[in-house]
Structure formats: C-alpha cells, structure tokens
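Data block below; observations after.
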Amino acid sequence: MSKHSRVCPRCHTTLDEGPVVYRCARCRRAVYAADLDVDFHVTRLARVGR
C-alpha cells in the first residue's frame, strides 16, 4: 500500500487491496479508486547549482 491511507466513505475503516478497486473488511463494500476523494500535493524542489 502507498503512503496514503484510504478509508471507506461509509464506515471510515481502512481499505485494503487496490489500486483500482479497494475493499472494506468491515462493511464488505467495494470502492473504486476514482470514487475516493484524495488530494495529491506537489512538493517544490530546490534548485541546485544556482
């Protein structure tokens, strides 16, 4: 699994499997990755040699 923890939108339990379809062990729901609200932030790289 990646650094980002995915949680079920219904019961907020951590999802397993993935990366296209995740599964919730608690409520037995399949959740598509496209349905999850995940923010990716780009970090700024420092310039070297200037």
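Each chain of the structure tokens is named A, B, ... in the order shown, its residues numbered from 1; ligands are numbered from 1 in display order.
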Residue neighbourhood A:His12, 10 Å, only C-alpha atoms, exclusion window fewer than 3 positions, as a list in words: Arg6, Val7, Cys8, Pro9, Leu15, Cys24, Arg26 and Cys27 of chain A
For those residues, write N, CA and C atoms to a file as a PDB file, in the first residue's frame.
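What ended up in part.pdb:
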ATOM      1  N   ARG A   6      -6.179   4.903   2.642  1.00  0.00           N
ATOM      2  CA  ARG A   6      -7.517   5.079   2.082  1.00  0.00           C
ATOM      3  C   ARG A   6      -8.536   4.562   3.086  1.00  0.00           C
ATOM      4  N   VAL A   7      -9.631   5.285   3.262  1.00  0.00           N
ATOM      5  CA  VAL A   7     -10.669   4.856   4.198  1.00  0.00           C
ATOM      6  C   VAL A   7     -12.002   4.733   3.483  1.00  0.00           C
ATOM      7  N   CYS A   8     -12.845   3.858   3.992  1.00  0.00           N
ATOM      8  CA  CYS A   8     -14.164   3.624   3.431  1.00  0.00           C
ATOM      9  C   CYS A   8     -15.033   4.863   3.643  1.00  0.00           C
ATOM     10  N   PRO A   9     -15.708   5.337   2.602  1.00  0.00           N
ATOM     11  CA  PRO A   9     -16.555   6.521   2.753  1.00  0.00           C
ATOM     12  C   PRO A   9     -17.783   6.263   3.632  1.00  0.00           C
ATOM     13  N   LEU A  15      -9.154   0.781   4.038  1.00  0.00           N
ATOM     14  CA  LEU A  15      -9.417  -0.115   2.917  1.00  0.00           C
ATOM     15  C   LEU A  15      -8.182  -0.941   2.597  1.00  0.00           C
ATOM     16  N   CYS A  24     -13.547  -2.922   1.702  1.00  0.00           N
ATOM     17  CA  CYS A  24     -13.700  -2.640   3.122  1.00  0.00           C
ATOM     18  C   CYS A  24     -14.040  -3.947   3.834  1.00  0.00           C
ATOM     19  N   ARG A  26     -14.899  -4.295   6.955  1.00  0.00           N
ATOM     20  CA  ARG A  26     -15.973  -4.127   7.947  1.00  0.00           C
ATOM     21  C   ARG A  26     -17.362  -4.181   7.313  1.00  0.00           C
ATOM     22  N   CYS A  27     -17.601  -3.375   6.288  1.00  0.00           N
ATOM     23  CA  CYS A  27     -18.935  -3.347   5.687  1.00  0.00           C
ATOM     24  C   CYS A  27     -19.004  -4.111   4.370  1.00  0.00           C
TER      25      CYS A  27
END
